[in-house]
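J.: First, the structure itself, so that you have it in front of you.
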Amino acid sequence: MPTIKVPPVLRPQTGGEGEVSVGGATVGAALEALAERYPGTRSQLFSPEGELNRYVNIYLNDEDVRVLEGLETGAADSDTVVILPAMAGGSSGSVL
Amino acid sequence: MESGTLSLEEIQKRIEQLSPEQALEEIKAANGDLVLLDIREPHEHAEAHLEGDVLVPPVEVAERIDELAPDTSQRLILYCRSGARSARAANLLQEQFGYDNVANVEGGILAWQEAGLPVDEAEGLTSEQRERYSRHTMLPEFGVEGQVKLLNSKVLLLGAGGLGSPTALYLAAAGVGTLGLVDDDVVDESNLQRQVIHTTDRVGEPKTESARKSIEALNPDVEVIEHRTRLSAENVLEIIKDYDVIVDGADNFPTRYLLNDASVRLRKPVVSASILAFDGQISTFVPFEGPCYRCLYPTPPPAELAPSCGEAGVLGVMAGVLGLLQANEVIKLVAGIGEPLIGRLLLYDSLGTRFTELKVRRDPNCPVCGPNAEEIPQSEMGKFPDYEAFCAR
């Protein structure tokens, strides 16, 4: 079962779990399994049409699935799927 | 008696000692027919040395003398900083290697310089700077050359807060010549848990002013330019245009996209980091050499997935860890050494103490740096069709 790394912003939806092992032979199937287990993650990962949201980056190990086969990319048991959110926390509350 | 057990005084009696003036006269008259050896370390040699010498650090003398002077009757003049190391080396060559025409410059290059005799000096470093930055200049990969580049560099920090504090302090200590600070906020008590450039007695002061005081106290070589303003589409190009590297520690997405668009336009490298709770990310964006921020994140997340540190909290040391990784990237970019985080995103999980590296590629469809990108008007920089909707402030 591939391991999914859950970013901090999604952990409230996974009961605080940062790493979750799920079934699925592809990246898409693994994410679908995550959304099945933790329904709160679904709307943050997928659009109402079931597409991956554009602001969510998914990596298989260290490679962006956009340059692989997207959600169809095969995921072996030893693979890690990283959900990468953009983060903006930083230096100051009012540089803009 | 073994020469290694002799006192310096005894050694100095055994060898021929030349005053700097005598040595210079002989070197000129010899017209190349003598070997002048600098018995110091490479970083000392790089700072200032005698013309026409050969650098031979003390530990290499025995090994290299054959190659440098195959004939043991060859005239050798040795010097070092104060005359001590070279005296020992001269004695070694005389007693153990059979060189019979060896002299030492009494008082070394210090006495030489005091006498006002000419030396080849590294350009751009004063004697105070040579002392202050000696731990940099002794690094072979960095050297005097790297230090001079830092002193001549101009680095802009976006935010004088969490990330900006450690970045600014270390870049100032490292001798970055000009540090620009963009921030229009004032120091708040809740900042002090991580914004280490500010102090308790400066609560209420403008952050750029407080930061400038700390920087100037640390290193008077650094010129601080305060930009007490908010970055906007109207002023971004004007503010960043004179800087060599920009450090992005902004805490909101609109500023990050705005800076990205402007820096790609002006081809300025950006070292970008963010921190939240126990996690941090950092990458270096060099326009057209690697991906830009929009290649990595084509669209910002909705507000509920983009909390700020004020809403979600942040472990104070995260600012230090990521801020110093940013400073490290800046120094590498300026000095032209090492392998910057171009095309790589480094994630840091402080609870697990784990680093993860992800590949970031240029997006062929990137609206800003892609091959088909059209130049956008300045007023449109940093914007999205649903600009207001995603603002996470």
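Residues are named by chain letter and number: chains run A, B, ... in the order of the structure tokens, numbers start at 1 in each chain, and ligands are numbered from 1 in the order shown.
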Taking only C-alpha atoms into account and nothing else, which residues of chain A lie no more than 12 Å away from chain B? Please answer as an NGL selection string.
T.: :A and (5-13 or 18-19 or 41 or 43-45 or 53-68 or 80-96)
J.: Write out as a list in words all residues of range 290-330 of chain B that DSSP puts in alpha helix (DSSP H) for this structure's backbone.
T.: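 Written out, the alpha helix (DSSP H) residues of range 290-330 of chain B are Tyr293, Arg294, Cys295, Leu296, Cys309, Gly310, Glu311, Ala312, Gly316, Val317, Met318, Ala319, Gly320, Val321, Leu322, Gly323, Leu324, Leu325, Gln326, Ala327, Asn328, Glu329 and Val330 of chain B.
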J.: Which residue, B:Leu192, B:Leu171, B:Val35, B:Leu92, has the smallest gap to Ala327 in chain B when you use only C-alpha atoms?
T.: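 Looking at the shortest contact to Ala327 in chain B, the residue is B:Leu171.
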J.: What is the distance, in Å and to one decimal place, between CA of Val187 in chain B and CA of Arg212 in chain B?
T.: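 A separation of 12.8 Å between them.
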J.: DSSP says strand (DSSP E or B) for which residues of range 14-85 of chain A? Put them as a PDB file with C-alpha atoms, in the first residue's frame?
T.:
ATOM      1  CA  GLU A  19       1.085   9.711   7.007  1.00  0.00           C
ATOM      2  CA  VAL A  20      -1.628   7.372   5.862  1.00  0.00           C
ATOM      3  CA  SER A  21      -1.246   4.014   4.122  1.00  0.00           C
ATOM      4  CA  THR A  26      -2.419   4.407  -9.091  1.00  0.00           C
ATOM      5  CA  PHE A  46     -11.071  17.225  -5.885  1.00  0.00           C
ATOM      6  CA  LEU A  52      -7.851  17.219  -8.957  1.00  0.00           C
ATOM      7  CA  VAL A  56      -3.083  20.911  -5.174  1.00  0.00           C
ATOM      8  CA  ASN A  57       0.291  19.560  -6.244  1.00  0.00           C
ATOM      9  CA  ILE A  58       0.738  15.807  -6.082  1.00  0.00           C
ATOM     10  CA  TYR A  59       4.128  14.168  -6.120  1.00  0.00           C
ATOM     11  CA  LEU A  60       5.012  10.524  -6.510  1.00  0.00           C
ATOM     12  CA  GLU A  63       8.422  13.816  -9.025  1.00  0.00           C
ATOM     13  CA  ASP A  64       5.390  15.950  -9.870  1.00  0.00           C
ATOM     14  CA  GLY A  74       1.135   3.812 -11.105  1.00  0.00           C
ATOM     15  CA  THR A  80       5.149   7.780  -1.270  1.00  0.00           C
ATOM     16  CA  VAL A  81       2.474  10.125  -2.542  1.00  0.00           C
ATOM     17  CA  VAL A  82       3.079  13.691  -1.321  1.00  0.00           C
ATOM     18  CA  ILE A  83       0.213  16.152  -1.224  1.00  0.00           C
ATOM     19  CA  LEU A  84       1.898  19.544  -1.473  1.00  0.00           C
ATOM     20  CA  PRO A  85       0.024  22.695  -0.630  1.00  0.00           C
TER      21      PRO A  85
END
J.: If we count only C-alpha atoms and set the cut-off at 10 Å, which residues sit around Leu125 in chain B, ignoring sequence neighbours fewer than 2 positions away in its own chain? Please answer as a list in words.
T.: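 That gives Glu47, Glu121, Ala122, Glu123, Ser127, Glu128, Gln129, Arg130, Glu131, Tyr133, Val144, Glu145, Gln147, Val148 and Leu151 of chain B.
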J.: Contacts of range 262-267 of chain B at 8 Å or less, counting only C-alpha atoms, minus same-chain residues fewer than 3 places along, as a PyMOL selection string?
T.: chain B and resi 236-237+240-241+258-259+270+286-288+292+368-369+381
J.: Which is closest to Thr73 in chain A among A:Gly24, A:Gly15, A:Gly50, A:Pro39, if we use only C-alpha atoms?
T.: A:Gly24
J.: CA of Glu339 in chain B and CA of Glu289 in chain B are how many Å apart?
T.: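 Rounded to one decimal, the two atoms are 13.1 Å apart.
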J.: Rank nothing, just name the residue among B:Phe142, B:Tyr170, B:Tyr243, B:Tyr348 nearest to Val321 in chain B, using only C-alpha atoms.
T.: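 Residue with the minimum atom-to-atom distance to Val321 in chain B: B:Tyr348.
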J.: Tell me, as a list in words, which residues lie within 12 Å of Gln113 in chain B, counting only C-alpha atoms; anything in the same chain fewer than 2 positions away does not count.
T.: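 These residues fall inside the cut-off: Ser19, Pro20, Glu21, Leu24, Ala48, His49, Leu50, Arg81, Ser82, Gly107, Gly108, Ile109, Leu110, Ala111, Ala115, Gly116, Leu117, Pro118, Val119, Asp120, Glu121 and Ser127 of chain B.
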J.: Just to be explicit: take each residue in the selection above, keep N, CA and C atoms, and write the result as an mmCIF file, in the first residue's frame.
T.:
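Result file is result_15.cif:
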data_model
loop_
_atom_site.group_PDB
_atom_site.id
_atom_site.type_symbol
_atom_site.label_atom_id
_atom_site.label_comp_id
_atom_site.auth_asym_id
_atom_site.auth_seq_id
_atom_site.Cartn_x
_atom_site.Cartn_y
_atom_site.Cartn_z
ATOM 1 N N SER B 19 66.389 41.926 7.588
ATOM 2 C CA SER B 19 65.327 42.910 7.826
ATOM 3 C C SER B 19 64.512 42.998 6.537
ATOM 4 N N PRO B 20 63.262 43.483 6.611
ATOM 5 C CA PRO B 20 62.474 43.610 5.384
ATOM 6 C C PRO B 20 63.208 44.418 4.311
ATOM 7 N N GLU B 21 63.880 45.500 4.710
ATOM 8 C CA GLU B 21 64.586 46.333 3.729
ATOM 9 C C GLU B 21 65.695 45.548 3.040
ATOM 10 N N LEU B 24 64.174 43.004 0.632
ATOM 11 C CA LEU B 24 63.666 43.611 -0.595
ATOM 12 C C LEU B 24 64.812 43.952 -1.548
ATOM 13 N N ALA B 48 47.261 39.264 1.430
ATOM 14 C CA ALA B 48 48.397 40.115 1.070
ATOM 15 C C ALA B 48 49.650 39.242 1.042
ATOM 16 N N HIS B 49 50.497 39.434 0.024
ATOM 17 C CA HIS B 49 51.734 38.639 -0.045
ATOM 18 C C HIS B 49 52.789 39.415 -0.813
ATOM 19 N N LEU B 50 54.024 38.890 -0.790
ATOM 20 C CA LEU B 50 55.118 39.571 -1.476
ATOM 21 C C LEU B 50 55.129 39.167 -2.947
ATOM 22 N N ARG B 81 53.840 35.476 8.626
ATOM 23 C CA ARG B 81 53.158 36.665 9.131
ATOM 24 C C ARG B 81 54.100 37.487 10.014
ATOM 25 N N SER B 82 54.691 36.803 11.022
ATOM 26 C CA SER B 82 55.522 37.550 11.976
ATOM 27 C C SER B 82 56.978 37.074 12.001
ATOM 28 N N GLY B 107 60.420 39.446 11.448
ATOM 29 C CA GLY B 107 59.185 40.226 11.639
ATOM 30 C C GLY B 107 58.123 39.951 10.591
ATOM 31 N N GLY B 108 58.488 39.161 9.571
ATOM 32 C CA GLY B 108 57.497 38.734 8.579
ATOM 33 C C GLY B 108 56.867 39.872 7.793
ATOM 34 N N ILE B 109 55.720 39.544 7.201
ATOM 35 C CA ILE B 109 55.051 40.519 6.328
ATOM 36 C C ILE B 109 54.480 41.683 7.155
ATOM 37 N N LEU B 110 54.257 41.431 8.449
ATOM 38 C CA LEU B 110 53.780 42.537 9.301
ATOM 39 C C LEU B 110 54.828 43.641 9.370
ATOM 40 N N ALA B 111 56.094 43.245 9.630
ATOM 41 C CA ALA B 111 57.180 44.228 9.695
ATOM 42 C C ALA B 111 57.394 44.859 8.321
ATOM 43 N N ALA B 115 57.033 48.804 7.569
ATOM 44 C CA ALA B 115 58.124 49.591 6.986
ATOM 45 C C ALA B 115 57.674 50.305 5.713
ATOM 46 N N GLY B 116 56.424 50.067 5.330
ATOM 47 C CA GLY B 116 55.879 50.745 4.153
ATOM 48 C C GLY B 116 56.366 50.171 2.836
ATOM 49 N N LEU B 117 56.847 48.918 2.869
ATOM 50 C CA LEU B 117 57.322 48.294 1.628
ATOM 51 C C LEU B 117 56.138 47.698 0.861
ATOM 52 N N PRO B 118 56.285 47.546 -0.455
ATOM 53 C CA PRO B 118 55.123 47.142 -1.271
ATOM 54 C C PRO B 118 54.752 45.663 -1.102
ATOM 55 N N VAL B 119 53.424 45.401 -1.071
ATOM 56 C CA VAL B 119 52.919 44.021 -1.097
ATOM 57 C C VAL B 119 51.806 43.946 -2.135
ATOM 58 N N ASP B 120 51.538 42.722 -2.585
ATOM 59 C CA ASP B 120 50.360 42.501 -3.438
ATOM 60 C C ASP B 120 49.172 42.264 -2.521
ATOM 61 N N GLU B 121 48.212 43.184 -2.541
ATOM 62 C CA GLU B 121 47.077 43.058 -1.627
ATOM 63 C C GLU B 121 45.819 42.676 -2.373
ATOM 64 N N SER B 127 41.986 46.310 6.094
ATOM 65 C CA SER B 127 42.580 45.403 7.078
ATOM 66 C C SER B 127 41.547 44.981 8.123
#
J.: Find the distance between CA of Val334 in chain B and CA of His198 in chain B and write it in Å to one decimal.
T.: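 Distance between the two atoms: 26.2 Å.
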